[in-house]
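A.B. asks: Here you go, entry39.txt (compact mmCIF, C-alpha atoms and all ligand atoms):
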```
# COMPACT_ATOMS: atom_id res chain seq x y z
CA MET D 1 -19.59 11.97 11.14
CA ASN D 2 -17.25 9.43 12.56
CA ASN D 3 -17.87 6.58 10.11
CA ILE D 4 -16.50 6.54 6.60
CA LEU D 5 -18.67 3.53 5.77
CA GLU D 6 -21.94 2.10 7.10
CA VAL D 7 -22.95 -1.17 5.49
CA LYS D 8 -26.48 -2.10 6.45
CA ASP D 9 -28.32 -5.34 5.72
CA LEU D 10 -26.32 -5.88 2.54
CA LYS D 11 -27.70 -8.74 0.47
CA VAL D 12 -26.09 -9.81 -2.80
CA SER D 13 -27.27 -12.67 -4.99
CA PHE D 14 -26.13 -14.13 -8.27
CA HIS D 15 -28.67 -15.49 -10.70
CA THR D 16 -27.51 -18.61 -12.49
CA TYR D 17 -29.19 -21.32 -14.55
CA ALA D 18 -29.11 -23.52 -11.50
CA GLY D 19 -30.89 -20.91 -9.36
CA GLU D 20 -30.10 -17.97 -7.09
CA ILE D 21 -26.88 -18.04 -5.07
CA GLN D 22 -27.31 -15.94 -1.95
CA ALA D 23 -23.67 -14.91 -1.65
CA VAL D 24 -24.17 -12.16 0.96
CA ARG D 25 -27.15 -12.53 3.27
CA GLY D 26 -27.68 -9.43 5.36
CA VAL D 27 -24.27 -8.04 6.31
CA THR D 28 -24.06 -5.05 8.66
CA PHE D 29 -20.90 -3.32 9.87
CA ASN D 30 -19.37 0.15 10.16
CA LEU D 31 -15.90 1.42 9.41
CA LYS D 32 -14.57 4.41 11.33
CA LYS D 33 -12.48 7.09 9.66
CA GLY D 34 -8.81 6.15 9.75
CA GLU D 35 -9.56 2.61 10.91
CA ALA D 36 -8.28 -0.63 9.41
CA LEU D 37 -10.92 -3.34 9.40
CA ALA D 38 -10.29 -6.94 8.41
CA ILE D 39 -12.99 -9.14 6.94
CA VAL D 40 -12.03 -12.77 7.46
CA GLY D 41 -13.49 -16.12 6.52
CA GLU D 42 -12.99 -19.09 4.23
CA SER D 43 -13.28 -18.73 0.48
CA GLY D 44 -16.89 -18.47 -0.59
CA CYS D 45 -18.01 -16.80 2.66
CA GLY D 46 -18.98 -13.62 0.85
CA LYS D 47 -16.08 -11.43 1.95
CA SER D 48 -14.90 -10.57 -1.56
CA VAL D 49 -18.46 -10.09 -2.78
CA THR D 50 -19.07 -7.68 0.12
CA SER D 51 -16.02 -5.63 -0.88
CA GLN D 52 -17.04 -5.70 -4.54
CA ALA D 53 -20.50 -4.45 -3.58
CA ILE D 54 -18.90 -1.53 -1.70
CA MET D 55 -16.94 -0.65 -4.83
CA ARG D 56 -20.02 -1.46 -6.92
CA LEU D 57 -18.01 -3.94 -8.94
CA ILE D 58 -20.76 -6.57 -8.98
CA ALA D 59 -21.82 -7.18 -12.57
CA THR D 60 -25.60 -6.89 -12.79
CA PRO D 61 -26.81 -9.26 -14.11
CA PRO D 62 -25.95 -11.95 -13.09
CA GLY D 63 -25.35 -10.21 -9.77
CA GLU D 64 -27.96 -8.25 -7.83
CA ILE D 65 -27.65 -6.02 -4.78
CA LYS D 66 -31.01 -6.71 -3.12
CA SER D 67 -33.32 -3.88 -2.22
CA GLY D 68 -33.13 -2.88 1.42
CA SER D 69 -29.33 -2.99 1.28
CA SER D 70 -27.55 0.25 1.97
CA ILE D 71 -23.90 1.25 1.84
CA LEU D 72 -23.51 4.74 3.23
CA PHE D 73 -20.17 6.26 2.22
CA ASP D 74 -18.75 9.27 4.03
CA GLY D 75 -22.02 10.03 5.78
CA LYS D 76 -24.06 10.90 2.73
CA THR D 77 -23.68 8.84 -0.42
CA ASP D 78 -25.65 5.59 -0.67
CA ILE D 79 -23.40 3.60 -2.98
CA VAL D 80 -26.29 1.27 -3.80
CA LYS D 81 -28.30 4.11 -5.32
CA LEU D 82 -25.62 5.84 -7.41
CA THR D 83 -25.72 5.69 -11.20
CA ASP D 84 -22.85 3.89 -12.88
CA LYS D 85 -21.38 7.20 -13.95
CA GLU D 86 -21.53 8.72 -10.45
CA MET D 87 -20.01 5.53 -9.08
CA GLU D 88 -17.16 5.62 -11.56
CA SER D 89 -16.17 9.03 -10.29
CA VAL D 90 -16.38 7.91 -6.62
CA ARG D 91 -14.22 4.89 -7.43
CA GLY D 92 -11.68 6.99 -9.27
CA SER D 93 -11.32 9.71 -6.67
CA GLU D 94 -12.48 8.46 -3.28
CA MET D 95 -11.91 4.70 -3.21
CA GLY D 96 -8.93 2.59 -4.14
CA MET D 97 -8.75 -1.16 -4.54
CA ILE D 98 -5.88 -3.62 -4.36
CA PHE D 99 -6.50 -7.12 -5.66
CA GLN D 100 -4.93 -10.46 -4.93
CA ASP D 101 -3.06 -10.91 -8.15
CA PRO D 102 -1.39 -7.77 -9.45
CA MET D 103 -0.50 -9.46 -12.74
CA THR D 104 -4.14 -9.86 -13.73
CA SER D 105 -5.23 -6.46 -12.45
CA LEU D 106 -2.41 -4.51 -14.10
CA ASN D 107 -2.63 -3.94 -17.84
CA PRO D 108 0.33 -5.86 -19.34
CA THR D 109 0.43 -3.66 -22.45
CA MET D 110 0.71 -0.35 -20.60
CA LYS D 111 3.73 1.17 -18.87
CA VAL D 112 3.14 1.32 -15.13
CA GLY D 113 3.48 5.10 -15.16
CA ALA D 114 0.56 5.44 -17.55
CA GLN D 115 -1.50 3.16 -15.30
CA ILE D 116 -0.84 5.35 -12.28
CA THR D 117 -1.47 8.62 -14.12
CA GLU D 118 -4.66 7.47 -15.87
CA GLY D 119 -6.92 8.13 -12.90
CA LEU D 120 -5.07 11.29 -11.92
CA ILE D 121 -5.66 12.83 -15.32
CA LYS D 122 -9.24 11.56 -15.64
CA HIS D 123 -10.60 12.08 -12.14
CA GLN D 124 -8.36 14.71 -10.60
CA GLY D 125 -7.83 16.83 -13.69
CA LEU D 126 -4.04 16.84 -13.39
CA SER D 127 -1.91 17.78 -16.40
CA LYS D 128 0.21 15.04 -17.95
CA GLN D 129 3.37 16.47 -16.42
CA ALA D 130 1.86 16.94 -12.94
CA ALA D 131 0.41 13.42 -13.05
CA ARG D 132 3.80 11.99 -14.00
CA GLU D 133 5.46 13.78 -11.11
CA ARG D 134 2.78 12.49 -8.76
CA ALA D 135 3.25 8.96 -10.14
CA ILE D 136 6.99 9.10 -9.42
CA GLU D 137 6.24 10.40 -5.94
CA MET D 138 3.76 7.53 -5.39
CA LEU D 139 6.26 4.92 -6.57
CA ARG D 140 8.81 6.37 -4.17
CA LEU D 141 6.21 6.32 -1.37
CA VAL D 142 5.55 2.60 -1.89
CA GLY D 143 9.27 1.86 -1.70
CA MET D 144 10.06 1.40 -5.38
CA PRO D 145 13.79 1.85 -6.01
CA ASN D 146 14.69 4.22 -8.84
CA PRO D 147 11.12 5.33 -9.60
CA GLU D 148 12.20 7.78 -12.34
CA ALA D 149 13.32 4.85 -14.49
CA ARG D 150 10.81 2.27 -13.29
CA ILE D 151 7.87 4.44 -14.28
CA ASP D 152 8.54 3.73 -17.98
CA GLN D 153 8.64 -0.03 -17.58
CA TYR D 154 5.93 -2.63 -18.18
CA PRO D 155 4.39 -4.87 -15.47
CA HIS D 156 6.29 -7.99 -16.60
CA GLN D 157 9.55 -6.21 -15.79
CA PHE D 158 8.64 -6.20 -12.09
CA SER D 159 8.72 -8.96 -9.49
CA GLY D 160 5.45 -10.05 -7.85
CA GLY D 161 6.12 -7.95 -4.77
CA MET D 162 7.06 -4.90 -6.83
CA ARG D 163 3.93 -5.31 -8.95
CA GLN D 164 1.85 -5.29 -5.78
CA ARG D 165 3.65 -2.06 -4.81
CA VAL D 166 2.62 -0.61 -8.18
CA MET D 167 -0.99 -1.65 -7.48
CA ILE D 168 -0.83 0.11 -4.12
CA ALA D 169 0.60 3.21 -5.80
CA ILE D 170 -2.31 3.21 -8.27
CA ALA D 171 -4.86 2.70 -5.50
CA LEU D 172 -3.40 5.50 -3.38
CA ALA D 173 -2.55 7.98 -6.15
CA CYS D 174 -5.94 9.71 -5.96
CA ASN D 175 -5.73 10.05 -2.20
CA PRO D 176 -8.73 7.81 -1.53
CA LYS D 177 -10.73 8.04 1.69
CA LEU D 178 -11.21 4.28 1.56
CA LEU D 179 -8.79 1.61 0.46
CA ILE D 180 -10.05 -1.94 -0.06
CA ALA D 181 -7.46 -4.69 -0.30
CA ASP D 182 -8.72 -8.15 -1.27
CA GLU D 183 -6.19 -10.80 -0.24
CA PRO D 184 -3.37 -8.40 -1.16
CA THR D 185 -0.58 -10.75 -0.14
CA THR D 186 -1.97 -14.20 -0.90
CA ALA D 187 -0.11 -14.56 -4.20
CA LEU D 188 3.23 -13.48 -2.70
CA ASP D 189 5.84 -15.44 -0.82
CA VAL D 190 6.07 -15.04 2.93
CA THR D 191 8.85 -12.46 3.26
CA ILE D 192 7.33 -10.29 0.54
CA GLN D 193 3.93 -10.64 2.24
CA ALA D 194 5.36 -9.19 5.42
CA GLN D 195 6.92 -6.27 3.51
CA ILE D 196 3.64 -5.45 1.78
CA ILE D 197 1.70 -5.57 5.06
CA ASP D 198 4.31 -3.30 6.69
CA LEU D 199 4.00 -0.94 3.76
CA MET D 200 0.21 -0.86 3.97
CA ARG D 201 0.33 -0.18 7.70
CA ASP D 202 2.84 2.63 7.15
CA LEU D 203 0.80 4.17 4.39
CA GLN D 204 -2.36 3.99 6.46
CA GLU D 205 -0.60 5.94 9.20
CA LYS D 206 0.79 8.46 6.73
CA THR D 207 -2.34 9.02 4.64
CA GLY D 208 -5.04 8.46 7.28
CA ALA D 209 -7.00 6.40 4.75
CA SER D 210 -9.54 3.94 6.10
CA ILE D 211 -8.79 0.38 5.06
CA ILE D 212 -10.79 -2.78 4.56
CA ILE D 213 -8.56 -5.77 4.20
CA ILE D 214 -10.10 -9.02 3.04
CA THR D 215 -8.15 -12.05 4.12
CA HIS D 216 -8.32 -15.66 5.24
CA ASP D 217 -5.05 -15.17 7.11
CA LEU D 218 -5.47 -14.20 10.75
CA GLY D 219 -1.75 -13.42 10.98
CA VAL D 220 -2.28 -10.55 8.57
CA VAL D 221 -5.22 -9.37 10.67
CA ALA D 222 -3.17 -9.01 13.83
CA ASP D 223 -0.50 -7.06 11.96
CA ILE D 224 -2.66 -4.45 10.36
CA ALA D 225 -6.25 -4.25 11.57
CA GLN D 226 -7.85 -2.67 14.61
CA ARG D 227 -11.21 -4.37 14.06
CA VAL D 228 -12.34 -7.68 12.62
CA VAL D 229 -15.51 -8.89 10.94
CA VAL D 230 -15.77 -12.69 10.74
CA MET D 231 -17.98 -13.94 7.92
CA TYR D 232 -19.47 -17.36 7.36
CA ALA D 233 -21.85 -18.46 4.60
CA GLY D 234 -22.71 -14.91 3.60
CA LYS D 235 -23.31 -13.56 7.09
CA VAL D 236 -21.33 -11.84 9.82
CA VAL D 237 -21.01 -14.35 12.65
CA GLU D 238 -18.80 -12.25 14.91
CA GLN D 239 -17.25 -8.79 14.95
CA GLY D 240 -15.11 -6.91 17.41
CA SER D 241 -11.72 -5.39 18.08
CA VAL D 242 -8.63 -7.46 17.29
CA ASP D 243 -8.31 -8.15 21.02
CA ASP D 244 -11.95 -9.27 21.26
CA ILE D 245 -11.49 -11.68 18.39
CA PHE D 246 -8.11 -13.04 19.43
CA TYR D 247 -8.55 -13.14 23.19
CA ASN D 248 -12.28 -13.34 23.82
CA PRO D 249 -13.80 -14.96 20.74
CA GLN D 250 -17.40 -16.07 21.17
CA HIS D 251 -18.37 -17.93 18.02
CA PRO D 252 -17.39 -21.58 17.43
CA TYR D 253 -16.44 -20.67 13.86
CA THR D 254 -14.03 -18.01 15.13
CA TRP D 255 -12.62 -20.63 17.54
CA GLY D 256 -12.07 -22.90 14.55
CA LEU D 257 -10.37 -20.16 12.54
CA LEU D 258 -8.05 -19.33 15.42
CA ARG D 259 -7.03 -22.95 15.83
CA SER D 260 -6.38 -23.34 12.13
CA VAL D 261 -3.73 -20.61 11.87
CA PRO D 262 -0.17 -20.72 13.13
CA ARG D 263 0.28 -18.55 16.22
CA LEU D 264 3.38 -16.44 16.60
CA ASP D 265 3.56 -17.34 20.28
CA ASN D 266 3.16 -21.04 19.59
CA ASP D 267 6.52 -22.32 20.83
CA GLU D 268 5.32 -25.89 21.18
CA LYS D 269 4.48 -26.01 17.48
CA GLU D 270 1.07 -27.44 18.20
CA PRO D 271 -0.42 -29.02 15.13
CA LEU D 272 -2.94 -26.81 13.38
CA VAL D 273 -6.50 -27.99 13.44
CA PRO D 274 -8.36 -27.38 10.21
CA ILE D 275 -12.11 -26.83 10.46
CA GLU D 276 -13.67 -30.04 9.22
CA GLY D 277 -16.41 -30.11 6.63
CA THR D 278 -17.41 -27.55 4.06
CA PRO D 279 -19.62 -24.47 4.11
CA PRO D 280 -23.28 -24.90 3.15
CA ASP D 281 -24.60 -24.56 -0.36
CA LEU D 282 -25.70 -20.96 -0.82
CA PHE D 283 -28.25 -22.00 -3.45
CA ALA D 284 -30.27 -23.27 -0.52
CA PRO D 285 -28.90 -21.99 2.79
CA PRO D 286 -30.01 -24.05 5.82
CA LYS D 287 -32.85 -22.62 7.88
CA GLY D 288 -30.99 -22.69 11.19
CA CYS D 289 -27.40 -21.67 11.93
CA ALA D 290 -25.37 -22.06 8.74
CA PHE D 291 -22.42 -23.43 10.75
CA ALA D 292 -24.46 -26.16 12.48
CA ALA D 293 -23.31 -29.00 10.21
CA ARG D 294 -19.68 -28.33 11.18
CA CYS D 295 -20.17 -27.14 14.73
CA PRO D 296 -19.21 -29.49 17.58
CA TYR D 297 -21.55 -27.57 19.91
CA ALA D 298 -24.67 -27.65 17.70
CA MET D 299 -27.90 -28.03 19.66
CA GLU D 300 -31.40 -28.80 18.44
CA ILE D 301 -32.33 -25.13 18.28
CA CYS D 302 -29.36 -24.47 15.98
CA LEU D 303 -30.92 -26.62 13.27
CA GLU D 304 -34.31 -24.96 13.65
CA SER D 305 -33.58 -21.29 13.88
CA ASP D 306 -30.83 -18.88 12.95
CA PRO D 307 -29.30 -17.18 16.03
CA GLU D 308 -29.69 -13.42 16.39
CA ILE D 309 -26.66 -11.17 16.73
CA GLU D 310 -26.00 -10.67 20.46
CA ASN D 311 -23.87 -7.92 21.94
CA VAL D 312 -20.99 -9.24 24.01
CA SER D 313 -19.51 -5.85 24.94
CA ALA D 314 -19.23 -2.45 23.30
CA GLY D 315 -18.32 -3.07 19.66
CA HIS D 316 -18.20 -6.85 20.11
CA SER D 317 -21.05 -9.04 18.93
CA ALA D 318 -21.64 -12.59 17.74
CA ALA D 319 -24.49 -14.69 16.39
CA CYS D 320 -24.56 -18.01 18.22
CA TRP D 321 -27.12 -19.79 20.37
CA LEU D 322 -24.40 -20.40 22.97
CA LEU D 323 -24.76 -16.72 23.89
CA HIS D 324 -28.38 -17.28 24.92
CA PRO D 325 -28.74 -17.04 28.72
CA ASN D 326 -30.25 -20.54 28.86
CA ALA D 327 -27.58 -22.19 26.73
CA PRO D 328 -25.32 -24.80 28.33
CA LYS D 329 -21.87 -23.51 29.27
CA VAL D 330 -19.22 -25.03 27.05
CA GLU D 331 -15.50 -25.15 27.49
CA ARG D 332 -13.68 -22.94 25.03
CA PRO D 333 -11.21 -24.79 22.88
CA VAL D 334 -8.94 -21.80 22.39
CA GLU D 335 -6.85 -20.17 25.03
CA VAL D 336 -8.23 -16.93 26.29
CA GLY D 337 -6.07 -14.09 27.48
CA GLY D 338 -2.96 -12.34 26.24
FE1 LIG F 401 -22.76 -23.85 16.74
FE2 LIG F 401 -25.31 -23.50 17.35
FE3 LIG F 401 -23.58 -21.54 17.72
FE4 LIG F 401 -24.31 -22.26 15.27
S1 LIG F 401 -25.61 -21.38 16.84
S2 LIG F 401 -22.25 -21.84 15.96
S3 LIG F 401 -24.48 -24.48 15.51
S4 LIG F 401 -23.61 -23.51 18.76
MG MG F 402 -12.05 -13.91 -2.47
```
Kindly transcribe the structure held in the file into structure tokens.
C.D. replies:
Amino acid sequence: MNNILEVKDLKVSFHTYAGEIQAVRGVTFNLKKGEALAIVGESGCGKSVTSQAIMRLIATPPGEIKSGSSILFDGKTDIVKLTDKEMESVRGSEMGMIFQDPMTSLNPTMKVGAQITEGLIKHQGLSKQAARERAIEMLRLVGMPNPEARIDQYPHQFSGGMRQRVMIAIALACNPKLLIADEPTTALDVTIQAQIIDLMRDLQEKTGASIIIITHDLGVVADIAQRVVVMYAGKVVEQGSVDDIFYNPQHPYTWGLLRSVPRLDNDEKEPLVPIEGTPPDLFAPPKGCAFAARCPYAMEICLESDPEIENVSAGHSAACWLLHPNAPKVERPVEVGG
């Protein structure tokens, strides 16, 4: 079994007084063992909800993972079908999660050491002393200076970057097979962001954990991921290797994303081009391509019918009518080639 995760036709809705929000509308992707995959897209595209579904952190109700969805973990477990109790044990011992804001995900009233050892004692059956030693080792691993003293401090005694290191230590303490990081650096300033990404890349190499990193920042993607899933309005619009996405992107939304981020090789300091308009209302998704209202290439068919996912090359696919053999050839707005 080469894949640690196989997400198939994942659909997640939220039931509200105003109606059903179709937050994730049929997402399919695989994650190989030891691979780092980035899920990118604007806020509200369903990337966080997808990761929460994988961790089974969707509150039901109001949330609902629709029937027909499957999330195969490590070749055997369908996450969707586990009981809450079974899932709690998987989360505590086989998956780790890092959130955007470490201050809200750490418990302010508990010493950080206790927060790292909690899972070790509960899910791995370590003694208090062994768990404490492991916690110190984890803090050292994530680059915390003086871990023997820091372990007895509270979250507010740490800087933002150091708190995120504590979160990473907690997530990795149980030696998870899968680490999910949702916008792990968004709340941090730029230099600290780079340090945290470096750290995550290092740790991935050291531990061999598979990583899903959720981000709107394509700079982060290039630094850490091998593969990219681009989401728009609850669907995957393109996926491929980092090279596919950066140098041979096929979907107009991916083109827009690439033009809206600063490029490291951009010596001319070209102005960034934000994608105009807003994503569709997921209470009532449009019947055709969800990107049509913002797409400069939209054709009549785009408004009528949702494009199928087409294979571009091995591991690279996109859902756009421009990939149809009869579609007009359009000039790509982004530079292609390394
Ligand atoms: Fe644009 Fe049509 Fe492609 Fe959608 S299917 S991204 S509207 S060209
Ligand atoms: Mg989010």
A.B. asks: When you count only C-alpha atoms and all ligand atoms, which of these residues is closest to ligand LIG 401 (chain F): D:His251, D:His156, D:Arg259, D:Arg56?
C.D. replies: D:His251
A.B. asks: Find the spatial neighbours of range 39-45 of chain D, counting only C-alpha atoms, within a cut-off of 9 Å - ignore same-chain residues fewer than 3 positions away - and output them as a VMD selection string.
C.D. replies: chain D and resid 23 to 24 48 to 49 212 to 218 221 227 to 235 254 257 279
A.B. asks: Considering only C-alpha atoms and all ligand atoms, tabulate each residue of chain D that lies at most 7 Å from ligand LIG 401 (chain F) along with its nearest interatomic pair and the corresponding distance in Å to one decimal; arrange the rows by chain and ascending residue number and present them as a tab-separated table.
C.D. replies:
```
residue	atom	partner	partner_atom	distance
D:His251	CA	F:LIG401	S2	5.9
D:Pro252	CA	F:LIG401	S2	5.1
D:Tyr253	CA	F:LIG401	S2	6.3
D:Cys289	CA	F:LIG401	FE4	4.6
D:Ala290	CA	F:LIG401	FE4	6.6
D:Phe291	CA	F:LIG401	FE4	5.0
D:Ala292	CA	F:LIG401	S3	3.5
D:Cys295	CA	F:LIG401	FE1	4.6
D:Pro296	CA	F:LIG401	FE1	6.7
D:Tyr297	CA	F:LIG401	S4	4.7
D:Ala298	CA	F:LIG401	S3	3.9
D:Met299	CA	F:LIG401	FE2	5.7
D:Cys302	CA	F:LIG401	FE2	4.4
D:Asp306	CA	F:LIG401	S1	7.0
D:Pro307	CA	F:LIG401	S1	5.6
D:Ala319	CA	F:LIG401	S1	6.8
D:Cys320	CA	F:LIG401	FE3	3.7
D:Trp321	CA	F:LIG401	S1	4.2
D:Leu322	CA	F:LIG401	S4	5.3
```
A.B. asks: Taking 4 positions as the minimum chain separation for residues in the same chain, which residues sit within 7 Å of Val27 in chain D when counting all atoms listed in the file? Answer as a PyMOL selection string.
C.D. replies: chain D and resi 8-11+235-236
A.B. asks: Can you spit out the residues from that selection as a PDB file, in the frame of the given file, using C-alpha atoms?
C.D. replies:
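Saved to out.pdb:
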```pdb
ATOM      1  CA  LYS D   8     -26.480  -2.100   6.450  1.00  0.00           C
ATOM      2  CA  ASP D   9     -28.320  -5.340   5.720  1.00  0.00           C
ATOM      3  CA  LEU D  10     -26.320  -5.880   2.540  1.00  0.00           C
ATOM      4  CA  LYS D  11     -27.700  -8.740   0.470  1.00  0.00           C
ATOM      5  CA  LYS D 235     -23.310 -13.560   7.090  1.00  0.00           C
ATOM      6  CA  VAL D 236     -21.330 -11.840   9.820  1.00  0.00           C
TER       7      VAL D 236
END
```
A.B. asks: Point out the residue among D:Gly160, D:Asp202, D:Pro285, D:Asn146 with the least atom-to-atom distance to Asp189 in chain D, counting only C-alpha atoms.
C.D. replies: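 Residue with the minimum atom-to-atom distance to Asp189 in chain D: D:Gly160.
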A.B. asks: Neighbours of Glu205 in chain D within 12 Å (only C-alpha atoms; same-chain residues fewer than 4 positions away dropped), as a PDB file with C-alpha atoms, keeping the file's coordinate frame?
C.D. replies:
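File produced: selection-v6.pdb:
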```pdb
ATOM      1  CA  LYS D  33     -12.480   7.090   9.660  1.00  0.00           C
ATOM      2  CA  GLY D  34      -8.810   6.150   9.750  1.00  0.00           C
ATOM      3  CA  GLU D  35      -9.560   2.610  10.910  1.00  0.00           C
ATOM      4  CA  ALA D  36      -8.280  -0.630   9.410  1.00  0.00           C
ATOM      5  CA  ASP D 198       4.310  -3.300   6.690  1.00  0.00           C
ATOM      6  CA  LEU D 199       4.000  -0.940   3.760  1.00  0.00           C
ATOM      7  CA  MET D 200       0.210  -0.860   3.970  1.00  0.00           C
ATOM      8  CA  ARG D 201       0.330  -0.180   7.700  1.00  0.00           C
ATOM      9  CA  ALA D 209      -7.000   6.400   4.750  1.00  0.00           C
ATOM     10  CA  SER D 210      -9.540   3.940   6.100  1.00  0.00           C
ATOM     11  CA  ILE D 211      -8.790   0.380   5.060  1.00  0.00           C
ATOM     12  CA  ILE D 224      -2.660  -4.450  10.360  1.00  0.00           C
ATOM     13  CA  ALA D 225      -6.250  -4.250  11.570  1.00  0.00           C
TER      14      ALA D 225
END
```
A.B. asks: Neighbouring residues of Glu137 in chain D were defined as those with any atom within 12 Å, considering only C-alpha atoms; residues of the same chain fewer than 5 positions away were excluded. Please report them as a compact mmCIF listing (two decimals) with C-alpha atoms, in the frame of the given file.
C.D. replies:
```
# COMPACT_ATOMS: atom_id res chain seq x y z
CA GLY D 113 3.48 5.10 -15.16
CA ILE D 116 -0.84 5.35 -12.28
CA THR D 117 -1.47 8.62 -14.12
CA ALA D 130 1.86 16.94 -12.94
CA ALA D 131 0.41 13.42 -13.05
CA ARG D 132 3.80 11.99 -14.00
CA VAL D 142 5.55 2.60 -1.89
CA GLY D 143 9.27 1.86 -1.70
CA MET D 144 10.06 1.40 -5.38
CA PRO D 145 13.79 1.85 -6.01
CA ASN D 146 14.69 4.22 -8.84
CA PRO D 147 11.12 5.33 -9.60
CA GLU D 148 12.20 7.78 -12.34
CA ARG D 150 10.81 2.27 -13.29
CA ILE D 151 7.87 4.44 -14.28
CA VAL D 166 2.62 -0.61 -8.18
CA ALA D 169 0.60 3.21 -5.80
CA ILE D 170 -2.31 3.21 -8.27
CA LEU D 172 -3.40 5.50 -3.38
CA ALA D 173 -2.55 7.98 -6.15
```
A.B. asks: Check the smallest atom-to-atom distance from each of D:Thr83, D:Gln100, D:Thr185, D:Thr16 to ligand MG 402 (chain F) using only C-alpha atoms and all ligand atoms, then report the winner.
C.D. replies: D:Gln100
A.B. asks: How far is it from CA of Ser105 in chain D to CA of Thr28 in chain D, in Å with one decimal?
C.D. replies: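 These atoms are spaced 28.3 Å apart.
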A.B. asks: In Å to one decimal, how far is CA of Ala171 in chain D from CA of Leu126 in chain D?
C.D. replies: 16.2 Å
A.B. asks: Rank D:Ile21, D:Gly125, D:Gly92, D:Val7 by their smallest atom-to-atom distance to Ile79 in chain D, using all atoms listed in the file, and report the top residue only.
C.D. replies: D:Val7
A.B. asks: Write out as a compact mmCIF listing (two decimals) with C-alpha atoms, in the coordinates of the input the residues lying within 6 Å of Leu179 in chain D, counting all atoms listed in the file and excluding same-chain residues fewer than 4 positions away.
C.D. replies:
```
# COMPACT_ATOMS: atom_id res chain seq x y z
CA MET D 95 -11.91 4.70 -3.21
CA GLY D 96 -8.93 2.59 -4.14
CA MET D 97 -8.75 -1.16 -4.54
CA ILE D 211 -8.79 0.38 5.06
```
A.B. asks: To one decimal place, how far is CA of Asn311 in chain D from CA of Leu258 in chain D in Å?
C.D. replies: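 Calculated distance between CA of Asn311 in chain D and CA of Leu258 in chain D is 20.6 Å.
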A.B. asks: Go through D:Gly19, D:Pro108, D:Pro184, D:Gly63 and flag the residue nearest ligand MG 402 (chain F), using all atoms listed in the file for the distances.
C.D. replies: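 Looking at the shortest contact to ligand MG 402 (chain F), the residue is D:Pro184.
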A.B. asks: My list of candidates is D:Lys128, D:Arg140, D:Lys47, D:Lys81. Which is closest to ligand MG 402 (chain F) when distances are computed with all atoms listed in the file?
C.D. replies: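 The closest residue to ligand MG 402 (chain F) is D:Lys47.
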A.B. asks: Using only C-alpha atoms, find all polymer residues with an atom at most 8 Å away from the point (-13.1, 13.8, -10.4); report them as a PyMOL selection string.
C.D. replies: chain D and resi 89-90+92-93+122-125
A.B. asks: Would you give the centre and edge lengths, in Å to one decimal, of a box along x, y and z around the listed atoms of range 287-292 of chain D, with 6 Å added to each side, as JSON?
C.D. replies:
```
{"center_x": -27.6, "center_y": -23.9, "center_z": 10.2, "size_x": 22.4, "size_y": 16.5, "size_z": 16.6}
```
